[in-house]
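With mmCIF, C-alpha atoms; chains and numbers go by the auth columns inside, this is protein19.cif:
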```
data_query
loop_
_atom_site.group_PDB
_atom_site.id
_atom_site.type_symbol
_atom_site.label_atom_id
_atom_site.label_comp_id
_atom_site.label_asym_id
_atom_site.label_seq_id
_atom_site.Cartn_x
_atom_site.Cartn_y
_atom_site.Cartn_z
_atom_site.B_iso_or_equiv
_atom_site.auth_seq_id
_atom_site.auth_asym_id
ATOM 1 C CA MET A 1 -36.207 14.734 28.308 0.00 1 A
ATOM 2 C CA LYS A 2 -35.475 13.811 31.904 0.00 2 A
ATOM 3 C CA LYS A 3 -33.204 16.190 33.817 0.00 3 A
ATOM 4 C CA GLU A 4 -29.939 14.610 34.895 0.00 4 A
ATOM 5 C CA THR A 5 -29.694 14.316 38.680 0.00 5 A
ATOM 6 C CA GLN A 6 -26.256 12.723 38.900 0.00 6 A
ATOM 7 C CA ILE A 7 -23.108 12.324 36.819 0.00 7 A
ATOM 8 C CA GLU A 8 -20.646 9.509 37.536 0.00 8 A
ATOM 9 C CA TYR A 9 -17.176 8.947 36.098 0.00 9 A
ATOM 10 C CA ARG A 10 -13.683 7.735 37.004 0.00 10 A
ATOM 11 C CA SER A 11 -11.143 10.363 38.014 0.00 11 A
ATOM 12 C CA GLU A 12 -8.663 11.108 35.297 0.00 12 A
ATOM 13 C CA PHE A 13 -6.056 11.862 37.957 0.00 13 A
ATOM 14 C CA LEU A 14 -6.525 8.681 40.001 0.00 14 A
ATOM 15 C CA ASN A 15 -8.397 5.997 38.081 0.00 15 A
ATOM 16 C CA ASP A 16 -9.541 3.976 41.098 0.00 16 A
ATOM 17 C CA VAL A 17 -11.513 6.967 42.416 0.00 17 A
ATOM 18 C CA ALA A 18 -15.144 7.231 41.377 0.00 18 A
ATOM 19 C CA VAL A 19 -16.456 10.790 41.046 0.00 19 A
ATOM 20 C CA VAL A 20 -20.151 11.419 41.623 0.00 20 A
ATOM 21 C CA VAL A 21 -21.582 14.870 40.906 0.00 21 A
ATOM 22 C CA VAL A 22 -24.996 15.204 42.535 0.00 22 A
ATOM 23 C CA PHE A 23 -27.681 17.760 41.817 0.00 23 A
ATOM 24 C CA ASN A 24 -30.557 19.007 43.956 0.00 24 A
ATOM 25 C CA ASP A 25 -33.132 16.704 42.337 0.00 25 A
ATOM 26 C CA ASP A 26 -31.169 13.588 43.313 0.00 26 A
ATOM 27 C CA PRO A 27 -32.317 11.858 46.546 0.00 27 A
ATOM 28 C CA LEU A 28 -28.644 11.598 47.577 0.00 28 A
ATOM 29 C CA TYR A 29 -28.315 15.400 47.553 0.00 29 A
ATOM 30 C CA SER A 30 -30.309 15.926 50.752 0.00 30 A
ATOM 31 C CA GLN A 31 -28.102 13.336 52.476 0.00 31 A
ATOM 32 C CA VAL A 32 -24.830 15.039 51.498 0.00 32 A
ATOM 33 C CA LYS A 33 -25.829 18.715 51.503 0.00 33 A
ATOM 34 C CA GLY A 34 -24.618 19.152 55.090 0.00 34 A
ATOM 35 C CA PHE A 35 -21.201 17.817 54.096 0.00 35 A
ATOM 36 C CA PHE A 36 -20.962 20.393 51.303 0.00 36 A
ATOM 37 C CA GLU A 37 -21.813 23.101 53.828 0.00 37 A
ATOM 38 C CA GLU A 38 -19.080 21.803 56.143 0.00 38 A
ATOM 39 C CA TYR A 39 -16.347 20.777 53.685 0.00 39 A
ATOM 40 C CA GLY A 40 -16.950 22.832 50.559 0.00 40 A
ATOM 41 C CA PHE A 41 -17.804 21.920 46.997 0.00 41 A
ATOM 42 C CA GLY A 42 -16.559 18.352 47.160 0.00 42 A
ATOM 43 C CA PHE A 43 -15.281 15.727 49.538 0.00 43 A
ATOM 44 C CA MET A 44 -13.908 12.211 49.683 0.00 44 A
ATOM 45 C CA VAL A 45 -16.050 9.583 51.407 0.00 45 A
ATOM 46 C CA PRO A 46 -13.866 8.154 54.207 0.00 46 A
ATOM 47 C CA GLY A 47 -12.742 4.578 53.617 0.00 47 A
ATOM 48 C CA GLN A 48 -13.966 4.525 50.023 0.00 48 A
ATOM 49 C CA ASN A 49 -12.498 5.595 46.719 0.00 49 A
ATOM 50 C CA LEU A 50 -15.465 7.870 46.214 0.00 50 A
ATOM 51 C CA MET A 51 -15.565 11.620 45.672 0.00 51 A
ATOM 52 C CA ILE A 52 -18.863 13.495 45.852 0.00 52 A
ATOM 53 C CA ILE A 53 -19.136 16.938 44.252 0.00 53 A
ATOM 54 C CA ASP A 54 -21.925 19.500 44.595 0.00 54 A
ATOM 55 C CA GLY A 55 -23.415 19.792 41.122 0.00 55 A
ATOM 56 C CA GLU A 56 -25.544 22.773 42.130 0.00 56 A
ATOM 57 C CA ILE A 57 -22.480 25.065 42.080 0.00 57 A
ATOM 58 C CA LEU A 58 -22.012 24.167 38.423 0.00 58 A
ATOM 59 C CA VAL A 59 -25.545 24.943 37.232 0.00 59 A
ATOM 60 C CA GLY A 60 -25.554 27.941 34.905 0.00 60 A
ATOM 61 C CA GLU A 61 -21.773 28.370 35.129 0.00 61 A
ATOM 62 C CA PRO A 62 -20.218 28.900 31.688 0.00 62 A
ATOM 63 C CA ASN A 63 -16.945 27.397 32.961 0.00 63 A
ATOM 64 C CA ALA A 64 -18.572 24.480 34.834 0.00 64 A
ATOM 65 C CA LYS A 65 -16.188 21.889 33.349 0.00 65 A
ATOM 66 C CA ASP A 66 -13.167 23.897 34.513 0.00 66 A
ATOM 67 C CA ILE A 67 -14.588 24.285 38.029 0.00 67 A
ATOM 68 C CA LEU A 68 -15.342 20.556 38.144 0.00 68 A
ATOM 69 C CA LYS A 69 -11.826 19.645 37.001 0.00 69 A
ATOM 70 C CA PHE A 70 -10.282 21.907 39.657 0.00 70 A
ATOM 71 C CA ILE A 71 -12.398 20.357 42.442 0.00 71 A
ATOM 72 C CA GLU A 72 -11.521 16.856 41.223 0.00 72 A
ATOM 73 C CA ALA A 73 -7.778 17.659 41.164 0.00 73 A
ATOM 74 C CA HIS A 74 -7.991 19.282 44.616 0.00 74 A
ATOM 75 C CA GLU A 75 -9.700 16.253 46.184 0.00 75 A
ATOM 76 C CA VAL A 76 -7.361 13.760 44.490 0.00 76 A
ATOM 77 C CA SER A 77 -4.438 15.797 45.858 0.00 77 A
ATOM 78 C CA HIS A 78 -5.717 15.195 49.384 0.00 78 A
ATOM 79 C CA ILE A 79 -5.476 11.447 48.683 0.00 79 A
ATOM 80 C CA LEU A 80 -2.072 11.587 47.013 0.00 80 A
ATOM 81 C CA LEU A 81 -0.685 13.748 49.837 0.00 81 A
ATOM 82 C CA ASP A 82 -1.972 11.265 52.463 0.00 82 A
ATOM 83 C CA HIS A 83 -4.232 13.810 54.143 0.00 83 A
ATOM 84 C CA SER A 84 -6.596 12.070 56.524 0.00 84 A
ATOM 85 C CA GLY A 85 -9.041 13.298 59.092 0.00 85 A
ATOM 86 C CA PRO A 86 -10.306 16.810 59.601 0.00 86 A
ATOM 87 C CA ARG A 87 -8.873 19.325 57.165 0.00 87 A
ATOM 88 C CA ASN A 88 -6.762 22.250 58.241 0.00 88 A
ATOM 89 C CA GLU A 89 -5.471 25.329 56.445 0.00 89 A
ATOM 90 C CA ARG A 90 -2.096 23.730 55.700 0.00 90 A
ATOM 91 C CA GLU A 91 -3.688 20.690 54.059 0.00 91 A
ATOM 92 C CA GLU A 92 -6.053 22.874 52.019 0.00 92 A
ATOM 93 C CA LEU A 93 -3.067 24.902 50.789 0.00 93 A
ATOM 94 C CA GLU A 94 -1.170 21.717 49.927 0.00 94 A
ATOM 95 C CA ALA A 95 -4.211 20.319 48.097 0.00 95 A
ATOM 96 C CA ASP A 96 -4.491 23.472 45.984 0.00 96 A
ATOM 97 C CA LEU A 97 -0.783 23.307 45.179 0.00 97 A
ATOM 98 C CA GLY A 98 -1.192 19.623 44.333 0.00 98 A
ATOM 99 C CA ALA A 99 -4.185 20.465 42.149 0.00 99 A
ATOM 100 C CA TYR A 100 -2.083 23.071 40.345 0.00 100 A
ATOM 101 C CA LEU A 101 0.604 20.461 39.638 0.00 101 A
ATOM 102 C CA LEU A 102 -1.893 17.797 38.529 0.00 102 A
ATOM 103 C CA LEU A 103 -3.733 20.215 36.261 0.00 103 A
ATOM 104 C CA LYS A 104 -0.433 21.411 34.779 0.00 104 A
ATOM 105 C CA HIS A 105 0.733 17.815 34.258 0.00 105 A
ATOM 106 C CA TYR A 106 -2.499 16.974 32.397 0.00 106 A
ATOM 107 C CA GLY A 107 -2.533 20.210 30.378 0.00 107 A
ATOM 108 C CA TYR A 108 -5.561 21.933 31.929 0.00 108 A
ATOM 109 C CA GLU A 109 -4.912 25.658 31.592 0.00 109 A
ATOM 110 C CA LYS A 110 -8.410 27.046 32.290 0.00 110 A
ATOM 111 C CA PRO A 111 -8.845 25.286 35.657 0.00 111 A
ATOM 112 C CA ILE A 112 -5.358 26.558 36.595 0.00 112 A
ATOM 113 C CA GLU A 113 -6.473 30.097 35.760 0.00 113 A
ATOM 114 C CA LEU A 114 -9.451 29.648 38.114 0.00 114 A
ATOM 115 C CA LEU A 115 -7.216 28.294 40.868 0.00 115 A
ATOM 116 C CA LEU A 116 -4.793 31.214 40.539 0.00 116 A
ATOM 117 C CA LYS A 117 -7.627 33.754 40.390 0.00 117 A
ATOM 118 C CA HIS A 118 -9.041 32.555 43.725 0.00 118 A
ATOM 119 C CA PHE A 119 -5.818 31.473 45.444 0.00 119 A
ATOM 120 C CA GLU A 120 -5.337 34.572 47.599 0.00 120 A
ATOM 121 C CA GLU A 121 -8.944 34.668 48.808 0.00 121 A
ATOM 122 C CA ARG A 122 -8.749 30.935 49.634 0.00 122 A
ATOM 123 C CA HIS A 123 -5.421 31.088 51.464 0.00 123 A
ATOM 124 C CA GLY A 124 -4.753 34.701 52.454 0.00 124 A
ATOM 125 C CA MET A 125 -1.547 34.764 50.430 0.00 125 A
ATOM 126 C CA GLU A 126 -0.454 35.095 46.829 0.00 126 A
ATOM 127 C CA PHE A 127 0.396 31.986 44.836 0.00 127 A
ATOM 128 C CA ASP A 128 4.086 31.254 45.341 0.00 128 A
ATOM 129 C CA GLU A 129 5.864 28.836 43.002 0.00 129 A
ATOM 130 C CA SER A 130 8.568 28.291 45.632 0.00 130 A
ATOM 131 C CA LEU A 131 6.017 26.132 47.491 0.00 131 A
ATOM 132 C CA LEU A 132 5.668 23.729 44.561 0.00 132 A
ATOM 133 C CA PRO A 133 8.865 21.622 44.795 0.00 133 A
ATOM 134 C CA GLU A 134 7.934 20.123 48.181 0.00 134 A
ATOM 135 C CA ILE A 135 4.453 19.187 46.939 0.00 135 A
ATOM 136 C CA SER A 136 5.831 17.973 43.615 0.00 136 A
ATOM 137 C CA LYS A 137 8.156 15.635 45.492 0.00 137 A
ATOM 138 C CA LYS A 138 5.295 14.319 47.650 0.00 138 A
ATOM 139 C CA LEU A 139 3.250 13.678 44.489 0.00 139 A
ATOM 140 C CA GLY A 140 6.164 11.851 42.866 0.00 140 A
ATOM 141 C CA PHE A 141 6.586 14.332 40.013 0.00 141 A
ATOM 142 C CA ASP A 142 10.316 14.754 40.700 0.00 142 A
#
```
So, in terms of structure tokens, how does the structure I just supplied come out?
Amino acid sequence: MKKETQIEYRSEFLNDVAVVVVFNDDPLYSQVKGFFEEYGFGFMVPGQNLMIIDGEILVGEPNAKDILKFIEAHEVSHILLDHSGPRNEREELEADLGAYLLLKHYGYEKPIELLLKHFEERHGMEFDESLLPEISKKLGFD
């Protein structure tokens, strides 16, 4: 059986966004590896409704689907919150808060647990629900 080098699907959170998960054996991986090193586990391709996620971080992970769903929600939050250009700490915080709200809205508890577990190390602060109403309003959940 041939090893899968790429997985493609439509984002559950924003249907017009294509999600491509690439693995090391895919020729595309060498082209995007530098972007993963610069931007993290996933990124949106500027000017396209295309998200590329590093599949190598999922290999051997028992909770790979939960990690993938968190990354997808985080990247979609950047779109929904109109973040453009180079990322900054504020936008990364907002995207995690947006991911929390999206995951909650769609009933994904395990990815939320992952987000909360790593929130302080990602942002240097504890998760604070008082930050959610502003993001919820921006996402149109109010």
**Item:** Close residues, region 124-132 of chain A itself excluded, 10 Å, all atoms listed in the file, min 6 positions apart in chain, as a PyMOL selection string
**Value:** chain A and resi 93-94+96-98+100-101+115-118+138
**Request:** Might you pull out every residue within 12 Å of Tyr29 (chain A), with all atoms listed in the file counted and same-chain residues fewer than 3 positions away left off, and present them as an NGL selection string?
**Result:** :A and (5-6 or 20-26 or 32-37 or 52-56)
**Item:** Selected residue of minimal separation from Ile67 (chain A) among A:Asp82, A:Glu109, A:Glu91, A:Glu38, counting only C-alpha atoms
**Value:**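 Comparing A:Asp82, A:Glu109, A:Glu91, A:Glu38 against Ile67 (chain A), the winner is A:Glu109.
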**Prompt:** What is the distance, in Å and to one decimal place, between CA of Lys69 (chain A) and CA of Asn15 (chain A)?
**Reply:**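 If I compute the distance from CA of Lys69 (chain A) to CA of Asn15 (chain A), I get 14.1 Å.
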**Request:** One decimal, Å: what's the distance from CA of Ser136 (chain A) over to CA of Phe70 (chain A), could you say?
**Result:** 17.1 Å
**Separation of CA of Phe41 (chain A) from CA of Tyr108 (chain A), in Å and rounded to one decimal** =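 CA of Tyr108 (chain A) lies 19.4 Å from CA of Phe41 (chain A).
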Take the PyMOL selection byres ((chain A and resi 73) around 12), apply it to the structure above, and return the hits as a PDB file with C-alpha atoms, in the coordinates of the input.
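Everything below was put into out.pdb:
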```pdb
ATOM      1  CA  SER A  11     -11.143  10.363  38.014  1.00  0.00           C
ATOM      2  CA  GLU A  12      -8.663  11.108  35.297  1.00  0.00           C
ATOM      3  CA  PHE A  13      -6.056  11.862  37.957  1.00  0.00           C
ATOM      4  CA  LEU A  14      -6.525   8.681  40.001  1.00  0.00           C
ATOM      5  CA  VAL A  17     -11.513   6.967  42.416  1.00  0.00           C
ATOM      6  CA  VAL A  19     -16.456  10.790  41.046  1.00  0.00           C
ATOM      7  CA  GLY A  42     -16.559  18.352  47.160  1.00  0.00           C
ATOM      8  CA  PHE A  43     -15.281  15.727  49.538  1.00  0.00           C
ATOM      9  CA  MET A  44     -13.908  12.211  49.683  1.00  0.00           C
ATOM     10  CA  MET A  51     -15.565  11.620  45.672  1.00  0.00           C
ATOM     11  CA  ILE A  53     -19.136  16.938  44.252  1.00  0.00           C
ATOM     12  CA  ASP A  66     -13.167  23.897  34.513  1.00  0.00           C
ATOM     13  CA  ILE A  67     -14.588  24.285  38.029  1.00  0.00           C
ATOM     14  CA  LEU A  68     -15.342  20.556  38.144  1.00  0.00           C
ATOM     15  CA  LYS A  69     -11.826  19.645  37.001  1.00  0.00           C
ATOM     16  CA  PHE A  70     -10.282  21.907  39.657  1.00  0.00           C
ATOM     17  CA  ILE A  71     -12.398  20.357  42.442  1.00  0.00           C
ATOM     18  CA  GLU A  72     -11.521  16.856  41.223  1.00  0.00           C
ATOM     19  CA  HIS A  74      -7.991  19.282  44.616  1.00  0.00           C
ATOM     20  CA  GLU A  75      -9.700  16.253  46.184  1.00  0.00           C
ATOM     21  CA  VAL A  76      -7.361  13.760  44.490  1.00  0.00           C
ATOM     22  CA  SER A  77      -4.438  15.797  45.858  1.00  0.00           C
ATOM     23  CA  HIS A  78      -5.717  15.195  49.384  1.00  0.00           C
ATOM     24  CA  ILE A  79      -5.476  11.447  48.683  1.00  0.00           C
ATOM     25  CA  LEU A  80      -2.072  11.587  47.013  1.00  0.00           C
ATOM     26  CA  LEU A  81      -0.685  13.748  49.837  1.00  0.00           C
ATOM     27  CA  GLU A  94      -1.170  21.717  49.927  1.00  0.00           C
ATOM     28  CA  ALA A  95      -4.211  20.319  48.097  1.00  0.00           C
ATOM     29  CA  ASP A  96      -4.491  23.472  45.984  1.00  0.00           C
ATOM     30  CA  LEU A  97      -0.783  23.307  45.179  1.00  0.00           C
ATOM     31  CA  GLY A  98      -1.192  19.623  44.333  1.00  0.00           C
ATOM     32  CA  ALA A  99      -4.185  20.465  42.149  1.00  0.00           C
ATOM     33  CA  TYR A 100      -2.083  23.071  40.345  1.00  0.00           C
ATOM     34  CA  LEU A 101       0.604  20.461  39.638  1.00  0.00           C
ATOM     35  CA  LEU A 102      -1.893  17.797  38.529  1.00  0.00           C
ATOM     36  CA  LEU A 103      -3.733  20.215  36.261  1.00  0.00           C
ATOM     37  CA  LYS A 104      -0.433  21.411  34.779  1.00  0.00           C
ATOM     38  CA  HIS A 105       0.733  17.815  34.258  1.00  0.00           C
ATOM     39  CA  TYR A 106      -2.499  16.974  32.397  1.00  0.00           C
ATOM     40  CA  TYR A 108      -5.561  21.933  31.929  1.00  0.00           C
ATOM     41  CA  PRO A 111      -8.845  25.286  35.657  1.00  0.00           C
ATOM     42  CA  ILE A 112      -5.358  26.558  36.595  1.00  0.00           C
ATOM     43  CA  LEU A 115      -7.216  28.294  40.868  1.00  0.00           C
TER      44      LEU A 115
END
```
**Item:** Option closest in space to Ala64 (chain A), from A:Lys110, A:Pro27, A:Arg90, A:Val45 [counting all atoms listed in the file]
**Value:**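 Closest to Ala64 (chain A) of all the choices is A:Lys110.
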